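Participant: Below: one structure in structure tokens.
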Amino acid sequence: MILLELFWSFAKIGFTSFGGLSMVPLISSEMLDHGWMTAVEVTDIVAMAEMTPGPLGLNCATFAGMRTAGLAGAVAANLGAVAPTLTLTALAAVFFTRFQKSNAMRRVMLGVRPACIGMILGVIVSLSLSSYTVQGGLDPTSLGIGLAALVMLMKFKLSVPKVILLSAGLGLLTKLIP
């Protein structure tokens with residue numbers, strides 16, 4: 001029964017949150033309400049989920065499920081966490097393929113595509129302001145590493161993991177060389 005409860009708890013979290021940090025209060029509430037964890041344990045799980053690669057929600061589901069009911073609990077919690085995404089994506093795919101030739105869908109996509117690009121550009125601007133500035137001024141070292149990464153990706157077609165490693169190496173070198 002606990003496996004079904006874990007599945008349902010994380011399915012509710014997936015359907016009622018927008019991923020990322022918005023899931024944390026819901027996860028905390030579910031874990032505390034069921035008595036599966038203490039507030040300190042929830043905090044530890046969120047910290048662990050933040051430190052490990054992958055989506056926060058899935059990482060929390062894995063750790064919470066494992067802590068609550070072992071490997072089967074981790075699987076149940078993860079299935080619950082991805083159920084909303086899989087359901088909504090499947091529905092979107094059905095509607096998209098059914099209506100992709102319609103004029104209405106073309107008009108919808110005419111608005112959605114530029115909006116998506118605009119949101120991506122907004123994130124780029126926001127990240128650039130925090131990544132390329134120090135104390136309100138432009139940081140030439142960060143800007144140089146960013147441009148080097150762009151060249152590695154665009155001109156030399158290096159894979160993203162290689163670019164990340166090389167950029168990390170450049171960052172370390174700038175701290176070693178005065």
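In the structure tokens, each chain is lettered A, B, ... as it comes, each chain's residues begin at 1, and ligands are numbered from 1 in order of appearance.
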Neighbours of region 58-61 of chain A within 6 Å (only C-alpha atoms; same-chain residues fewer than 2 positions away dropped), as a list in words?
Facilitator: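 The filter keeps Ala49, Pro55, Leu56, Phe63, Ala64, Gly65, Ala77 and Asn78 of chain A.
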Participant: What are the DSSP helix (DSSP H, G or I) residues of region 88-153 of chain A, as a PyMOL selection string?
Facilitator: chain A and resi 88-99+103-131+140-153
Participant: Could you pull the residues within 12 Å of region 68-74 of chain A, counting only C-alpha atoms, minus those fewer than 3 positions along the same chain, as a PyMOL selection string?
Facilitator: chain A and resi 1-10+30-32+34-38+41-42+45+58-65+77-81
Participant: Save the residues we just selected, N, CA and C atoms, as an mmCIF file, in the first residue's frame?
Facilitator:
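Everything below was put into selection.cif:
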```cif
data_model
loop_
_atom_site.group_PDB
_atom_site.id
_atom_site.type_symbol
_atom_site.label_atom_id
_atom_site.label_comp_id
_atom_site.auth_asym_id
_atom_site.auth_seq_id
_atom_site.Cartn_x
_atom_site.Cartn_y
_atom_site.Cartn_z
ATOM 1 N N MET A 1 0.809 -1.200 0.000
ATOM 2 C CA MET A 1 0.000 0.000 0.000
ATOM 3 C C MET A 1 0.854 1.266 0.000
ATOM 4 N N ILE A 2 2.002 1.213 0.663
ATOM 5 C CA ILE A 2 2.866 2.400 0.719
ATOM 6 C C ILE A 2 3.376 2.766 -0.678
ATOM 7 N N LEU A 3 3.578 1.757 -1.539
ATOM 8 C CA LEU A 3 4.045 2.049 -2.896
ATOM 9 C C LEU A 3 3.000 2.837 -3.674
ATOM 10 N N LEU A 4 1.755 2.458 -3.518
ATOM 11 C CA LEU A 4 0.678 3.181 -4.180
ATOM 12 C C LEU A 4 0.558 4.602 -3.612
ATOM 13 N N GLU A 5 0.739 4.737 -2.306
ATOM 14 C CA GLU A 5 0.694 6.056 -1.684
ATOM 15 C C GLU A 5 1.844 6.938 -2.188
ATOM 16 N N LEU A 6 3.035 6.358 -2.322
ATOM 17 C CA LEU A 6 4.165 7.119 -2.863
ATOM 18 C C LEU A 6 3.877 7.552 -4.301
ATOM 19 N N PHE A 7 3.390 6.612 -5.100
ATOM 20 C CA PHE A 7 3.057 6.930 -6.491
ATOM 21 C C PHE A 7 2.062 8.092 -6.528
ATOM 22 N N TRP A 8 0.984 7.971 -5.760
ATOM 23 C CA TRP A 8 -0.071 8.988 -5.782
ATOM 24 C C TRP A 8 0.442 10.324 -5.255
ATOM 25 N N SER A 9 1.243 10.307 -4.201
ATOM 26 C CA SER A 9 1.787 11.558 -3.652
ATOM 27 C C SER A 9 2.604 12.297 -4.692
ATOM 28 N N PHE A 10 3.485 11.586 -5.387
ATOM 29 C CA PHE A 10 4.332 12.263 -6.371
ATOM 30 C C PHE A 10 3.576 12.592 -7.651
ATOM 31 N N GLU A 30 3.866 16.474 1.688
ATOM 32 C CA GLU A 30 3.505 15.061 1.538
ATOM 33 C C GLU A 30 4.313 14.169 2.485
ATOM 34 N N MET A 31 5.599 14.422 2.570
ATOM 35 C CA MET A 31 6.452 13.583 3.420
ATOM 36 C C MET A 31 6.077 13.749 4.903
ATOM 37 N N LEU A 32 5.819 14.986 5.309
ATOM 38 C CA LEU A 32 5.478 15.244 6.709
ATOM 39 C C LEU A 32 4.064 14.760 7.043
ATOM 40 N N HIS A 34 2.354 12.342 5.739
ATOM 41 C CA HIS A 34 2.297 10.876 5.816
ATOM 42 C C HIS A 34 3.171 10.319 6.942
ATOM 43 N N GLY A 35 3.997 11.194 7.529
ATOM 44 C CA GLY A 35 4.891 10.729 8.592
ATOM 45 C C GLY A 35 6.053 9.906 8.064
ATOM 46 N N TRP A 36 6.351 10.062 6.778
ATOM 47 C CA TRP A 36 7.439 9.305 6.162
ATOM 48 C C TRP A 36 8.798 9.876 6.525
ATOM 49 N N MET A 37 8.844 11.187 6.792
ATOM 50 C CA MET A 37 10.107 11.862 7.097
ATOM 51 C C MET A 37 9.873 13.000 8.066
ATOM 52 N N THR A 38 10.971 13.420 8.679
ATOM 53 C CA THR A 38 10.948 14.625 9.500
ATOM 54 C C THR A 38 11.322 15.816 8.616
ATOM 55 N N GLU A 41 14.930 15.592 7.636
ATOM 56 C CA GLU A 41 15.169 14.601 6.573
ATOM 57 C C GLU A 41 14.744 15.145 5.210
ATOM 58 N N VAL A 42 13.634 15.866 5.161
ATOM 59 C CA VAL A 42 13.194 16.462 3.899
ATOM 60 C C VAL A 42 14.234 17.473 3.418
ATOM 61 N N ILE A 45 17.122 15.642 1.955
ATOM 62 C CA ILE A 45 16.809 15.060 0.647
ATOM 63 C C ILE A 45 16.812 16.129 -0.436
ATOM 64 N N LEU A 58 12.584 14.594 -9.848
ATOM 65 C CA LEU A 58 12.902 13.165 -9.953
ATOM 66 C C LEU A 58 13.936 12.753 -8.917
ATOM 67 N N ASN A 59 14.900 13.615 -8.689
ATOM 68 C CA ASN A 59 15.905 13.296 -7.673
ATOM 69 C C ASN A 59 15.263 13.208 -6.290
ATOM 70 N N CYS A 60 14.377 14.157 -5.979
ATOM 71 C CA CYS A 60 13.661 14.104 -4.691
ATOM 72 C C CYS A 60 12.809 12.848 -4.604
ATOM 73 N N ALA A 61 12.126 12.523 -5.690
ATOM 74 C CA ALA A 61 11.292 11.315 -5.697
ATOM 75 C C ALA A 61 12.143 10.075 -5.454
ATOM 76 N N THR A 62 13.296 10.027 -6.076
ATOM 77 C CA THR A 62 14.184 8.877 -5.900
ATOM 78 C C THR A 62 14.627 8.760 -4.451
ATOM 79 N N PHE A 63 15.133 9.853 -3.893
ATOM 80 C CA PHE A 63 15.627 9.814 -2.515
ATOM 81 C C PHE A 63 14.495 9.560 -1.517
ATOM 82 N N ALA A 64 13.364 10.247 -1.709
ATOM 83 C CA ALA A 64 12.234 10.075 -0.785
ATOM 84 C C ALA A 64 11.676 8.663 -0.863
ATOM 85 N N GLY A 65 11.510 8.158 -2.076
ATOM 86 C CA GLY A 65 10.997 6.796 -2.241
ATOM 87 C C GLY A 65 11.941 5.761 -1.665
ATOM 88 N N ALA A 77 7.764 6.220 -6.602
ATOM 89 C CA ALA A 77 7.775 7.676 -6.519
ATOM 90 C C ALA A 77 8.160 8.297 -7.859
ATOM 91 N N ASN A 78 9.146 7.717 -8.534
ATOM 92 C CA ASN A 78 9.556 8.239 -9.841
ATOM 93 C C ASN A 78 8.458 8.071 -10.880
ATOM 94 N N LEU A 79 7.800 6.931 -10.872
ATOM 95 C CA LEU A 79 6.696 6.741 -11.818
ATOM 96 C C LEU A 79 5.593 7.758 -11.559
ATOM 97 N N GLY A 80 5.319 8.025 -10.284
ATOM 98 C CA GLY A 80 4.335 9.046 -9.956
ATOM 99 C C GLY A 80 4.764 10.429 -10.410
ATOM 100 N N ALA A 81 6.041 10.735 -10.236
ATOM 101 C CA ALA A 81 6.554 12.058 -10.611
ATOM 102 C C ALA A 81 6.517 12.286 -12.123
#
```
Participant: List every residue of chain A that DSSP, applied to the backbone, labels as strand (DSSP E), and write the result as a CSV table (one decimal) with N, CA, C and O atoms, in the first residue's frame.
Facilitator:
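File result.csv, as written:
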```csv
chain,number,residue,atom,x,y,z
A,133,THR,N,29.2,39.5,-15.2
A,133,THR,CA,29.4,40.8,-14.5
A,133,THR,C,29.9,40.5,-13.1
A,133,THR,O,29.6,39.5,-12.5
A,134,VAL,N,30.8,41.4,-12.6
A,134,VAL,CA,31.3,41.3,-11.2
A,134,VAL,C,31.1,42.7,-10.6
A,134,VAL,O,31.6,43.6,-11.2
A,137,GLY,N,30.2,45.5,-12.9
A,137,GLY,CA,31.0,45.7,-14.1
A,137,GLY,C,31.2,44.5,-14.9
A,137,GLY,O,31.0,43.3,-14.4
A,138,LEU,N,31.5,44.6,-16.2
A,138,LEU,CA,31.8,43.5,-17.1
A,138,LEU,C,33.0,42.7,-16.6
A,138,LEU,O,34.1,43.4,-16.4
```
Participant: Do you know which residues are at most 10 Å from Thr16 (chain A) counting only C-alpha atoms, after dropping those on the same chain fewer than 5 positions away, and could you put them as a list of chain:residue names?
Facilitator: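 Residues near the query, excluding close chain neighbours: A:Phe10, A:Ala11, A:Ser22, A:Met23, A:Leu26, A:Pro84.
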Participant: Can you write just those residues out, all heavy atoms, as a short mmCIF file (atom, residue, chain, number, x, y, z; two decimals), in the first residue's frame?
Facilitator:
```cif
data_model
loop_
_atom_site.label_atom_id
_atom_site.label_comp_id
_atom_site.auth_asym_id
_atom_site.auth_seq_id
_atom_site.Cartn_x
_atom_site.Cartn_y
_atom_site.Cartn_z
N PHE A 10 3.48 11.59 -5.39
CA PHE A 10 4.33 12.26 -6.37
C PHE A 10 3.58 12.59 -7.65
O PHE A 10 3.91 13.56 -8.34
CB PHE A 10 5.62 11.47 -6.62
CG PHE A 10 6.65 11.75 -5.58
CD1 PHE A 10 6.76 10.96 -4.45
CD2 PHE A 10 7.48 12.86 -5.69
CE1 PHE A 10 7.69 11.25 -3.46
CE2 PHE A 10 8.41 13.16 -4.71
CZ PHE A 10 8.50 12.36 -3.59
N ALA A 11 2.53 11.84 -7.97
CA ALA A 11 1.68 12.21 -9.11
C ALA A 11 0.96 13.52 -8.80
O ALA A 11 0.88 14.41 -9.66
CB ALA A 11 0.68 11.09 -9.42
N SER A 22 9.53 24.76 -7.16
CA SER A 22 8.11 24.85 -6.79
C SER A 22 7.59 23.54 -6.23
O SER A 22 6.54 23.50 -5.59
CB SER A 22 7.26 25.28 -8.00
OG SER A 22 7.18 24.24 -8.96
N MET A 23 8.33 22.46 -6.44
CA MET A 23 7.92 21.15 -5.93
C MET A 23 8.29 20.96 -4.45
O MET A 23 7.69 20.14 -3.77
CB MET A 23 8.58 20.03 -6.74
CG MET A 23 8.18 19.99 -8.19
SD MET A 23 9.04 18.70 -9.08
CE MET A 23 7.72 17.49 -9.16
N LEU A 26 5.57 21.15 -1.72
CA LEU A 26 4.63 20.04 -1.88
C LEU A 26 5.25 18.73 -1.42
O LEU A 26 4.59 17.91 -0.77
CB LEU A 26 4.17 19.95 -3.34
CG LEU A 26 3.44 21.17 -3.87
CD1 LEU A 26 3.26 21.09 -5.37
CD2 LEU A 26 2.10 21.33 -3.18
N PRO A 84 2.48 12.70 -14.69
CA PRO A 84 1.85 13.90 -15.25
C PRO A 84 2.51 14.35 -16.56
O PRO A 84 1.83 14.68 -17.53
CB PRO A 84 2.03 14.95 -14.16
CG PRO A 84 2.20 14.17 -12.91
CD PRO A 84 2.91 12.92 -13.31
#
```
Participant: What does the distance from CA of Gly14 (chain A) to CA of Ile27 (chain A) come to in Å, to one decimal?
Facilitator: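 One can read the CA of Gly14 (chain A) to CA of Ile27 (chain A) distance as 9.9 Å.
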Participant: Between A:Leu121, A:Val24, A:Leu91, A:Met152, which one has atoms that come closest to Glu50 (chain A), using only C-alpha atoms?
Facilitator: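 Closest to Glu50 (chain A), using only C-alpha atoms: A:Val24.
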Participant: Of the residues A:Gln135, A:Thr89, A:Ser29, A:Ser167, which is the one nearest to Leu150 (chain A), using only C-alpha atoms?
Facilitator: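 Of A:Gln135, A:Thr89, A:Ser29, A:Ser167, the one nearest Leu150 (chain A), counting only C-alpha atoms, is A:Ser167.
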Participant: Fewer than 6 positions away in the same chain doesn't count, so skip those; otherwise give me all residues within 10 Å of Leu143 (chain A), counting only C-alpha atoms, as a VMD selection string.
Facilitator: chain A and resid 128 131 to 133 149
Participant: Let's have the selection written as a compact mmCIF listing (two decimals), in the first residue's frame, with C-alpha atoms.
Facilitator:
```txt
# COMPACT_ATOMS: atom_id res chain seq x y z
CA SER A 128 24.43 36.72 -18.82
CA SER A 131 27.59 35.28 -15.27
CA TYR A 132 29.49 38.04 -17.05
CA THR A 133 29.43 40.78 -14.46
CA ALA A 149 32.93 28.14 -25.33
```
